[in-house]
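Structure data follow from coords.cif (mmCIF, C-alpha atoms):
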```
data_query
loop_
_atom_site.label_atom_id
_atom_site.label_comp_id
_atom_site.auth_asym_id
_atom_site.auth_seq_id
_atom_site.Cartn_x
_atom_site.Cartn_y
_atom_site.Cartn_z
CA MET A 1 -22.47 304.41 82.83
CA SER A 2 -23.81 307.98 82.76
CA THR A 3 -27.06 309.02 81.08
CA GLN A 4 -25.02 311.33 78.86
CA SER A 5 -22.77 308.51 77.59
CA LEU A 6 -25.80 306.32 76.88
CA ALA A 7 -27.47 309.14 74.95
CA GLY A 8 -24.41 309.94 72.89
CA GLY A 9 -22.99 306.45 72.44
CA LEU A 10 -23.68 303.54 70.14
CA VAL A 11 -26.61 302.03 72.03
CA ASP A 12 -28.84 299.44 70.40
CA GLY A 13 -32.49 298.70 71.05
CA PHE A 14 -31.59 296.15 73.73
CA GLY A 15 -29.47 298.52 75.82
CA ARG A 16 -26.09 297.20 74.70
CA MET A 17 -23.44 299.85 74.07
CA ALA A 18 -20.74 299.31 71.48
CA THR A 19 -17.36 300.43 72.76
CA ASP A 20 -15.21 298.05 70.68
CA LEU A 21 -14.65 299.06 67.04
CA ARG A 22 -13.27 296.58 64.50
CA VAL A 23 -11.83 298.38 61.45
CA SER A 24 -11.07 296.42 58.29
CA LEU A 25 -8.17 298.13 56.52
CA THR A 26 -8.34 295.98 53.37
CA ASP A 27 -10.10 292.93 52.00
CA ARG A 28 -6.87 291.63 50.45
CA CYS A 29 -4.82 288.83 51.95
CA ASN A 30 -1.50 287.15 51.14
CA LEU A 31 -2.74 283.72 52.30
CA ARG A 32 -5.50 281.55 50.84
CA CYS A 33 -6.73 279.65 53.89
CA THR A 34 -9.03 276.84 52.84
CA TYR A 35 -11.73 277.80 55.35
CA CYS A 36 -11.75 281.43 54.17
CA MET A 37 -11.37 281.73 50.41
CA PRO A 38 -10.72 279.80 47.18
CA GLU A 39 -7.19 279.18 45.95
CA GLU A 40 -7.48 281.80 43.21
CA GLY A 41 -8.51 284.47 45.70
CA LEU A 42 -11.47 286.80 45.36
CA ASP A 43 -12.51 289.85 43.39
CA TRP A 44 -10.85 292.50 45.56
CA LEU A 45 -12.42 295.87 46.14
CA ALA A 46 -11.33 298.48 43.60
CA LYS A 47 -9.17 301.25 45.06
CA PRO A 48 -11.82 304.00 44.63
CA GLU A 49 -14.21 301.90 46.73
CA LEU A 50 -11.77 301.67 49.64
CA LEU A 51 -11.70 304.28 52.36
CA THR A 52 -8.54 306.37 52.22
CA GLY A 53 -6.24 306.45 55.20
CA GLU A 54 -7.53 309.91 56.05
CA GLU A 55 -11.15 308.72 55.89
CA ILE A 56 -10.40 305.78 58.19
CA SER A 57 -8.70 308.06 60.69
CA ARG A 58 -11.62 310.48 60.62
CA LEU A 59 -14.15 307.74 61.31
CA VAL A 60 -12.02 306.34 64.14
CA ARG A 61 -11.79 309.85 65.61
CA ILE A 62 -15.57 310.28 65.44
CA ALA A 63 -16.10 306.87 67.04
CA VAL A 64 -13.72 307.62 69.91
CA THR A 65 -14.45 311.28 70.62
CA ARG A 66 -18.20 311.35 69.92
CA LEU A 67 -19.52 307.80 70.26
CA GLY A 68 -17.78 306.32 73.30
CA VAL A 69 -15.52 303.79 71.58
CA THR A 70 -12.63 302.80 73.87
CA GLU A 71 -10.99 299.97 71.92
CA VAL A 72 -10.05 299.86 68.24
CA ARG A 73 -8.86 296.70 66.51
CA PHE A 74 -7.49 296.87 62.96
CA THR A 75 -8.27 293.82 60.86
CA GLY A 76 -8.42 292.77 57.21
CA GLY A 77 -8.11 290.80 55.02
CA GLU A 78 -4.55 291.22 56.13
CA PRO A 79 -4.13 294.67 57.70
CA LEU A 80 -0.34 294.73 57.37
CA LEU A 81 -0.84 294.97 53.60
CA ARG A 82 -2.28 298.45 54.07
CA ARG A 83 0.55 300.91 53.33
CA GLU A 84 -0.85 303.61 55.60
CA ILE A 85 -1.20 301.36 58.64
CA LEU A 86 1.49 303.14 60.66
CA ASP A 87 -0.09 306.54 60.03
CA ILE A 88 -3.55 305.18 60.88
CA VAL A 89 -2.31 303.68 64.15
CA SER A 90 -0.36 306.82 65.03
CA GLU A 91 -3.36 309.10 64.51
CA ALA A 92 -5.58 306.82 66.59
CA ALA A 93 -2.99 306.75 69.38
CA ALA A 94 -2.96 310.56 69.47
CA LEU A 95 -6.69 310.79 70.21
CA ASP A 96 -7.98 312.07 73.54
CA PRO A 97 -9.30 309.94 75.15
CA ARG A 98 -6.79 307.44 73.83
CA PRO A 99 -8.32 304.10 72.80
CA THR A 100 -6.65 300.73 73.28
CA LEU A 101 -5.23 299.75 69.88
CA SER A 102 -4.64 296.25 68.51
CA VAL A 103 -4.15 294.43 65.22
CA THR A 104 -5.29 290.98 64.10
CA THR A 105 -2.85 289.64 61.51
CA ASN A 106 -1.70 286.44 59.86
CA GLY A 107 1.80 287.36 61.04
CA ILE A 108 3.42 287.52 57.61
CA GLY A 109 5.39 290.76 57.56
CA LEU A 110 5.03 291.28 61.29
CA ALA A 111 8.74 290.68 61.94
CA ARG A 112 9.52 293.61 59.68
CA ILE A 113 7.05 296.09 61.15
CA ALA A 114 6.49 295.11 64.80
CA GLY A 115 8.86 297.71 66.21
CA ALA A 116 7.40 300.46 64.04
CA LEU A 117 3.88 299.52 65.13
CA VAL A 118 4.89 299.94 68.78
CA THR A 119 6.44 303.32 68.00
CA ALA A 120 3.22 304.34 66.26
CA GLY A 121 1.25 303.44 69.39
CA LEU A 122 -0.04 299.90 68.93
CA ASP A 123 -0.74 298.11 72.21
CA ARG A 124 -1.42 294.47 71.32
CA VAL A 125 -1.45 291.98 68.48
CA ASN A 126 -3.37 288.79 67.66
CA VAL A 127 -1.71 286.39 65.22
CA SER A 128 -3.48 283.59 63.38
CA LEU A 129 -1.69 280.23 63.49
CA ASP A 130 -3.58 276.99 62.88
CA THR A 131 -0.76 274.45 62.95
CA LEU A 132 2.79 273.83 64.17
CA ASP A 133 3.54 271.71 61.09
CA PRO A 134 5.03 273.67 58.14
CA VAL A 135 3.79 271.09 55.63
CA ARG A 136 0.29 271.21 57.05
CA PHE A 137 0.45 275.01 57.14
CA LYS A 138 1.24 275.10 53.42
CA ALA A 139 -1.69 272.80 52.68
CA MET A 140 -4.10 274.86 54.80
CA THR A 141 -3.00 278.30 53.59
CA ARG A 142 -1.73 277.39 50.11
CA ARG A 143 1.41 279.39 50.89
CA ASP A 144 4.81 278.29 52.25
CA ARG A 145 5.08 281.01 54.93
CA HIS A 146 5.05 279.12 58.23
CA ALA A 147 8.51 280.34 59.24
CA ASP A 148 7.48 283.94 58.59
CA VAL A 149 4.54 283.63 60.98
CA LEU A 150 6.75 282.19 63.73
CA ALA A 151 9.25 284.99 63.18
CA GLY A 152 6.44 287.52 63.42
CA LEU A 153 5.26 286.12 66.72
CA ALA A 154 8.76 286.28 68.20
CA ALA A 155 9.25 289.82 66.90
CA ALA A 156 5.98 290.93 68.46
CA VAL A 157 7.17 289.76 71.88
CA ASP A 158 10.55 291.42 71.42
CA ALA A 159 8.88 294.68 70.41
CA GLY A 160 6.66 294.71 73.51
CA LEU A 161 3.32 293.92 71.87
CA GLY A 162 2.24 291.75 74.77
CA PRO A 163 0.34 289.81 75.64
CA VAL A 164 0.65 288.26 72.19
CA LYS A 165 -2.45 286.24 71.40
CA VAL A 166 -2.58 283.33 68.97
CA ASN A 167 -5.84 282.60 67.14
CA THR A 168 -6.42 279.01 65.98
CA VAL A 169 -9.21 277.44 63.95
CA LEU A 170 -9.41 273.66 64.11
CA MET A 171 -10.76 271.71 61.14
CA ARG A 172 -11.94 268.13 61.35
CA GLY A 173 -9.47 265.69 59.86
CA VAL A 174 -7.01 268.48 59.10
CA ASN A 175 -5.50 269.89 62.30
CA ASP A 176 -7.94 268.88 65.05
CA ASP A 177 -5.29 266.59 66.56
CA GLU A 178 -3.03 269.55 67.41
CA ALA A 179 -4.94 271.29 70.20
CA PRO A 180 -2.81 270.04 73.13
CA ALA A 181 0.46 270.54 71.26
CA LEU A 182 -0.50 274.07 70.26
CA LEU A 183 -1.37 274.91 73.86
CA ALA A 184 1.89 273.51 75.21
CA TRP A 185 3.84 275.42 72.56
CA CYS A 186 2.08 278.70 73.37
CA LEU A 187 2.47 278.28 77.12
CA GLU A 188 6.20 277.68 76.70
CA ARG A 189 6.57 280.97 74.82
CA GLY A 190 4.16 283.08 76.83
CA TYR A 191 1.57 283.41 74.07
CA GLU A 192 -2.13 283.40 74.93
CA LEU A 193 -3.89 280.81 72.79
CA ARG A 194 -7.47 281.30 71.61
CA PHE A 195 -9.32 278.57 69.75
CA ILE A 196 -12.08 279.90 67.49
CA GLU A 197 -14.93 277.78 66.23
CA GLN A 198 -15.05 277.80 62.45
CA MET A 199 -17.81 280.21 61.46
CA PRO A 200 -20.07 280.37 58.38
CA LEU A 201 -18.11 283.22 56.82
CA ASP A 202 -16.18 281.46 54.05
CA ALA A 203 -16.37 282.88 50.53
CA GLN A 204 -17.24 279.45 49.14
CA HIS A 205 -20.30 279.08 51.43
CA GLY A 206 -19.15 275.54 52.08
CA TRP A 207 -19.36 275.70 55.88
CA ASP A 208 -21.01 272.64 57.40
CA ARG A 209 -21.98 272.79 61.07
CA ALA A 210 -21.78 269.00 61.34
CA GLU A 211 -18.10 269.14 60.35
CA MET A 212 -17.18 272.00 62.67
CA ILE A 213 -14.96 271.26 65.68
CA THR A 214 -17.00 272.52 68.63
CA ALA A 215 -15.86 274.20 71.82
CA GLY A 216 -16.86 271.08 73.72
CA GLU A 217 -14.62 268.91 71.57
CA ILE A 218 -11.72 271.34 71.94
CA LEU A 219 -12.00 271.36 75.72
CA GLU A 220 -12.27 267.59 75.87
CA SER A 221 -9.07 267.29 73.87
CA LEU A 222 -7.23 269.76 76.10
CA ARG A 223 -8.44 268.18 79.34
CA ALA A 224 -6.86 264.91 78.29
CA GLU A 225 -3.48 266.55 78.98
CA PHE A 226 -4.11 269.67 81.09
CA ARG A 227 -6.15 270.73 84.10
CA LEU A 228 -8.46 273.55 83.14
CA ASP A 229 -10.10 275.80 85.74
CA ALA A 230 -12.73 278.23 84.48
CA GLU A 231 -12.02 281.89 85.13
CA ASP A 232 -14.65 284.37 86.27
CA ALA A 233 -17.49 285.52 84.02
CA ARG A 234 -16.15 286.86 80.74
CA GLY A 235 -18.47 289.89 80.46
CA SER A 236 -18.33 291.18 76.89
CA ASN A 237 -15.13 289.26 76.12
CA PRO A 238 -15.85 286.81 73.28
CA ALA A 239 -13.45 284.23 74.71
CA GLU A 240 -14.27 281.96 77.61
CA ARG A 241 -10.98 281.50 79.47
CA TRP A 242 -9.48 278.75 81.59
CA LEU A 243 -6.41 278.69 83.82
CA VAL A 244 -4.11 275.90 82.66
CA ASP A 245 -2.65 273.64 85.37
CA GLY A 246 -3.28 276.26 88.01
CA GLY A 247 -1.91 279.17 85.95
CA PRO A 248 -0.57 281.66 85.27
CA GLY A 249 -1.05 280.51 81.66
CA THR A 250 -4.54 280.57 80.19
CA VAL A 251 -6.38 279.25 77.16
CA GLY A 252 -9.51 280.69 75.62
CA VAL A 253 -12.26 279.37 73.37
CA ILE A 254 -14.40 281.64 71.22
CA ALA A 255 -17.54 279.60 70.61
CA SER A 256 -19.47 281.92 68.31
CA VAL A 257 -21.57 279.03 67.00
CA THR A 258 -22.28 276.69 69.92
CA ARG A 259 -22.09 279.18 72.80
CA PRO A 260 -23.02 282.56 71.29
CA PHE A 261 -22.39 285.62 73.46
CA CYS A 262 -24.72 288.07 71.71
CA GLY A 263 -26.32 289.26 74.94
CA ALA A 264 -23.13 291.02 76.02
CA CYS A 265 -21.89 292.09 72.57
CA ASP A 266 -20.13 295.46 72.61
CA ARG A 267 -18.80 295.54 69.04
CA THR A 268 -19.36 297.60 65.93
CA ARG A 269 -17.60 297.02 62.62
CA LEU A 270 -16.36 299.25 59.82
CA THR A 271 -15.58 297.59 56.50
CA ALA A 272 -12.73 298.67 54.25
CA ASP A 273 -15.24 300.32 51.91
CA GLY A 274 -16.91 302.36 54.63
CA GLN A 275 -19.93 300.28 55.62
CA ILE A 276 -21.09 299.89 59.21
CA ARG A 277 -22.01 296.36 60.31
CA ASN A 278 -23.58 295.98 63.73
CA CYS A 279 -23.09 292.20 63.78
CA LEU A 280 -20.48 289.87 62.30
CA PHE A 281 -23.31 287.82 60.76
CA ALA A 282 -25.45 290.77 59.64
CA ARG A 283 -26.86 290.77 56.13
CA GLU A 284 -27.47 294.52 56.22
CA GLU A 285 -24.96 297.37 56.22
CA SER A 286 -25.14 301.14 56.66
CA ASP A 287 -23.14 303.34 54.30
CA LEU A 288 -20.85 305.96 55.83
CA ARG A 289 -18.55 306.36 52.83
CA SER A 290 -21.16 308.26 50.82
CA ALA A 291 -21.73 310.64 53.73
CA LEU A 292 -18.00 311.19 54.12
CA ARG A 293 -17.52 311.95 50.45
CA GLY A 294 -20.71 313.96 50.25
CA GLY A 295 -19.45 316.54 52.71
CA ALA A 296 -21.27 315.45 55.86
CA GLY A 297 -19.99 316.91 59.11
CA ASP A 298 -18.83 314.87 62.08
CA ALA A 299 -22.13 315.31 63.92
CA GLU A 300 -24.14 313.95 60.99
CA ILE A 301 -21.83 310.98 60.54
CA ALA A 302 -22.04 310.21 64.25
CA GLU A 303 -25.83 310.27 64.13
CA ARG A 304 -25.87 307.97 61.10
CA TRP A 305 -23.69 305.56 63.06
CA ARG A 306 -26.04 305.72 66.06
CA ALA A 307 -29.00 305.06 63.77
CA ALA A 308 -27.24 302.01 62.32
CA MET A 309 -26.61 300.65 65.81
CA ARG A 310 -30.25 301.04 66.80
CA THR A 311 -31.19 298.43 64.17
CA LYS A 312 -29.00 295.74 65.74
CA LYS A 313 -30.82 292.48 66.35
CA ALA A 314 -30.93 290.66 69.68
CA GLY A 315 -28.66 287.92 68.37
CA ALA A 316 -26.94 286.53 65.32
CA GLY A 317 -29.65 283.91 64.88
CA ILE A 318 -27.16 281.27 63.87
CA ASP A 319 -29.33 278.53 65.38
CA ALA A 320 -32.51 279.70 63.65
CA PRO A 321 -33.83 277.69 60.69
CA THR A 322 -34.00 280.96 58.76
CA PHE A 323 -30.30 281.77 59.26
CA LEU A 324 -28.55 282.81 56.06
CA GLN A 325 -24.80 283.23 55.74
CA PRO A 326 -23.75 286.83 55.02
CA ASP A 327 -22.97 287.60 51.41
CA ARG A 328 -19.58 289.00 52.37
CA PRO A 329 -16.90 286.58 53.53
CA MET A 330 -14.79 287.14 56.63
CA SER A 331 -11.95 288.62 54.55
CA ALA A 332 -14.26 291.45 53.42
CA ILE A 333 -15.98 291.97 56.79
CA GLY A 334 -13.00 292.06 59.14
CA GLY A 335 -12.76 290.04 62.35
#
```

Before anything else, please render the file you have as structure tokens.
Amino acid sequence: MSTQSLAGGLVDGFGRMATDLRVSLTDRCNLRCTYCMPEEGLDWLAKPELLTGEEISRLVRIAVTRLGVTEVRFTGGEPLLRREILDIVSEAAALDPRPTLSVTTNGIGLARIAGALVTAGLDRVNVSLDTLDPVRFKAMTRRDRHADVLAGLAAAVDAGLGPVKVNTVLMRGVNDDEAPALLAWCLERGYELRFIEQMPLDAQHGWDRAEMITAGEILESLRAEFRLDAEDARGSNPAERWLVDGGPGTVGVIASVTRPFCGACDRTRLTADGQIRNCLFAREESDLRSALRGGAGDAEIAERWRAAMRTKKAGAGIDAPTFLQPDRPMSAIGG
């Protein structure tokens, strides 16, 4: 990496450079997953608090053209609920240099919009699916939309949004018996499965580490039915990956709690209301919305972003006795 890119990029005090931007398009969601939010939902951000589509596109442009960001992932809440998503993706795809563009979605509505997302310039998609059982899905999400998610996955493949990744959270006594079946199902369809340890980012603050299904438990369950061979070092990739039965299929585990990967973190996050978060578990944010609406130029906004990144801590501190769960839940932070 050149001295110039280090000087102008999002470099923290430990020499890590953020090149992966996660952009939350909305805090709203059309599911009510038990590990994320209460059944009645949350107090959503008021529209004036949300960044406009134009403001999001401007910040993405600054990140890519001035700050060295090479990958942009649009998240939520549920990003497909954002009406301007096609325009936002299209404007990002037109940037020079062009970033890699992806979306993390619950899959509801994906069947309707997958083709349009490809036309707009989207490269990849991650879809959340925690169970193959429609009855269990309804209990976990409090919505009867399992068939819509499956249709969205199939539409993503048909539209060319490959490789399609499936994100799964296992919960003890709920769906932790499904790991091998989910992997077999994904392998059969060419999806790349990623298990994610349940993180302390629920709105209810009811997360209990003792109840969390760990990466070790997930791998033990999978190895009862599959041969897993570890791939090479993951670098800044949050998922540890294994070849399944000699390949070519793979499975990944994102062990944010038991095997944190902070030392190679290359991410920065923009919330739907214009706050910069330099860590998923951060309790501090840096306001860019006020600068945007106060008339700040691109150079000033870029420097504010650099300053926010310089305050990034060495790690999330999730194992420290002093660890406190962020005030914002995952649905308001973005993945």

Hey, could you make a per-residue contact list for stretch 6-29 of chain A against stretch 309-314 of chain A with 8 Å as the cut-off, showing the nearest pair of atoms and its distance in Å to one decimal, counting all atoms listed in the file, sorted by chain and number, as a tab-separated table?
```
residue	atom	partner	partner_atom	distance
A:Leu10	CA	A:Met309	CA	6.0
A:Val11	CA	A:Met309	CA	6.4
A:Asp12	CA	A:Arg310	CA	4.2
A:Gly13	CA	A:Arg310	CA	5.3
A:Phe14	CA	A:Ala314	CA	6.9
```

Run the PyMOL selection byres ((chain A and resi 209-226) around 9) against the file shown and list the residues it catches, as a ChimeraX atom specification.
/A:169-172,176-177,179-180,183,195-200,207-208,227-228,244-245,253-255,257-259

Counting all atoms listed in the file, what are the residues of stretch 37-96 of chain A within 10 Å of stretch 286-289 of chain A, and for each of them which pair of atoms is the nearest and at what distance in Å, to one decimal? Sort the table by chain and rising number, as a Markdown table.
```
| residue | atom | partner | partner_atom | distance |
| --- | --- | --- | --- | --- |
| A:Glu49 | CA | A:Arg289 | CA | 8.7 |
| A:Leu50 | CA | A:Arg289 | CA | 8.8 |
| A:Leu51 | CA | A:Arg289 | CA | 7.2 |
| A:Glu55 | CA | A:Arg289 | CA | 8.3 |
| A:Ile56 | CA | A:Arg289 | CA | 9.8 |
| A:Leu59 | CA | A:Leu288 | CA | 8.8 |
```

Please produce a file of those selected residues containing C-alpha atoms, as a PDB file, keeping the file's coordinate frame.
```
ATOM      1  CA  GLU A  49     -14.210 301.900  46.730  1.00  0.00           C
ATOM      2  CA  LEU A  50     -11.770 301.670  49.640  1.00  0.00           C
ATOM      3  CA  LEU A  51     -11.700 304.280  52.360  1.00  0.00           C
ATOM      4  CA  GLU A  55     -11.150 308.720  55.890  1.00  0.00           C
ATOM      5  CA  ILE A  56     -10.400 305.780  58.190  1.00  0.00           C
ATOM      6  CA  LEU A  59     -14.150 307.740  61.310  1.00  0.00           C
TER       7      LEU A  59
END
```

Residues within 10 Å of A:Leu95, please, as a ChimeraX atom specification. Count all atoms listed in the file; anything in the same chain fewer than 3 positions from it doesn't count.
/A:60-61,64-65,90-92,98-99

Explicit residue set for the PyMOL selection byres ((chain A and resi 128-131) around 6), as a PyMOL selection string
chain A and resi 106+127+132-133+137+166-169

Output of the above residues as a PDB file, keeping the file's coordinate frame, restricted to C-alpha atoms:
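Final file, part-v7.pdb:
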```pdb
ATOM      1  CA  ASN A 106      -1.700 286.440  59.860  1.00  0.00           C
ATOM      2  CA  VAL A 127      -1.710 286.390  65.220  1.00  0.00           C
ATOM      3  CA  LEU A 132       2.790 273.830  64.170  1.00  0.00           C
ATOM      4  CA  ASP A 133       3.540 271.710  61.090  1.00  0.00           C
ATOM      5  CA  PHE A 137       0.450 275.010  57.140  1.00  0.00           C
ATOM      6  CA  VAL A 166      -2.580 283.330  68.970  1.00  0.00           C
ATOM      7  CA  ASN A 167      -5.840 282.600  67.140  1.00  0.00           C
ATOM      8  CA  THR A 168      -6.420 279.010  65.980  1.00  0.00           C
ATOM      9  CA  VAL A 169      -9.210 277.440  63.950  1.00  0.00           C
TER      10      VAL A 169
END
```

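The space between atom CA of A:Leu161 and atom CA of A:Arg16 spans 29.7 Å.
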
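As for atom CA of A:Asn237 and atom CA of A:Cys265, they are spaced 8.1 Å apart.
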
Might you pull out every residue within 9 Å of A:Val157, with only C-alpha atoms counted and same-chain residues fewer than 6 positions away left off, and present them as an MDAnalysis selection string?
chainID A and resid 114 163:164 190:191

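For the choices A:Val174, A:Met17, A:Asp266, A:Ala63, the atom-to-atom distance to A:Trp305 is smallest for A:Ala63 when using only C-alpha atoms.
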
Neighbouring residues of A:Pro248 were defined as those with any atom within 12 Å, considering only C-alpha atoms; residues of the same chain fewer than 5 positions away were excluded. Please report them as a VMD selection string.
chain A and resid 187 to 188 190 to 192 228 to 229 231 241 to 243
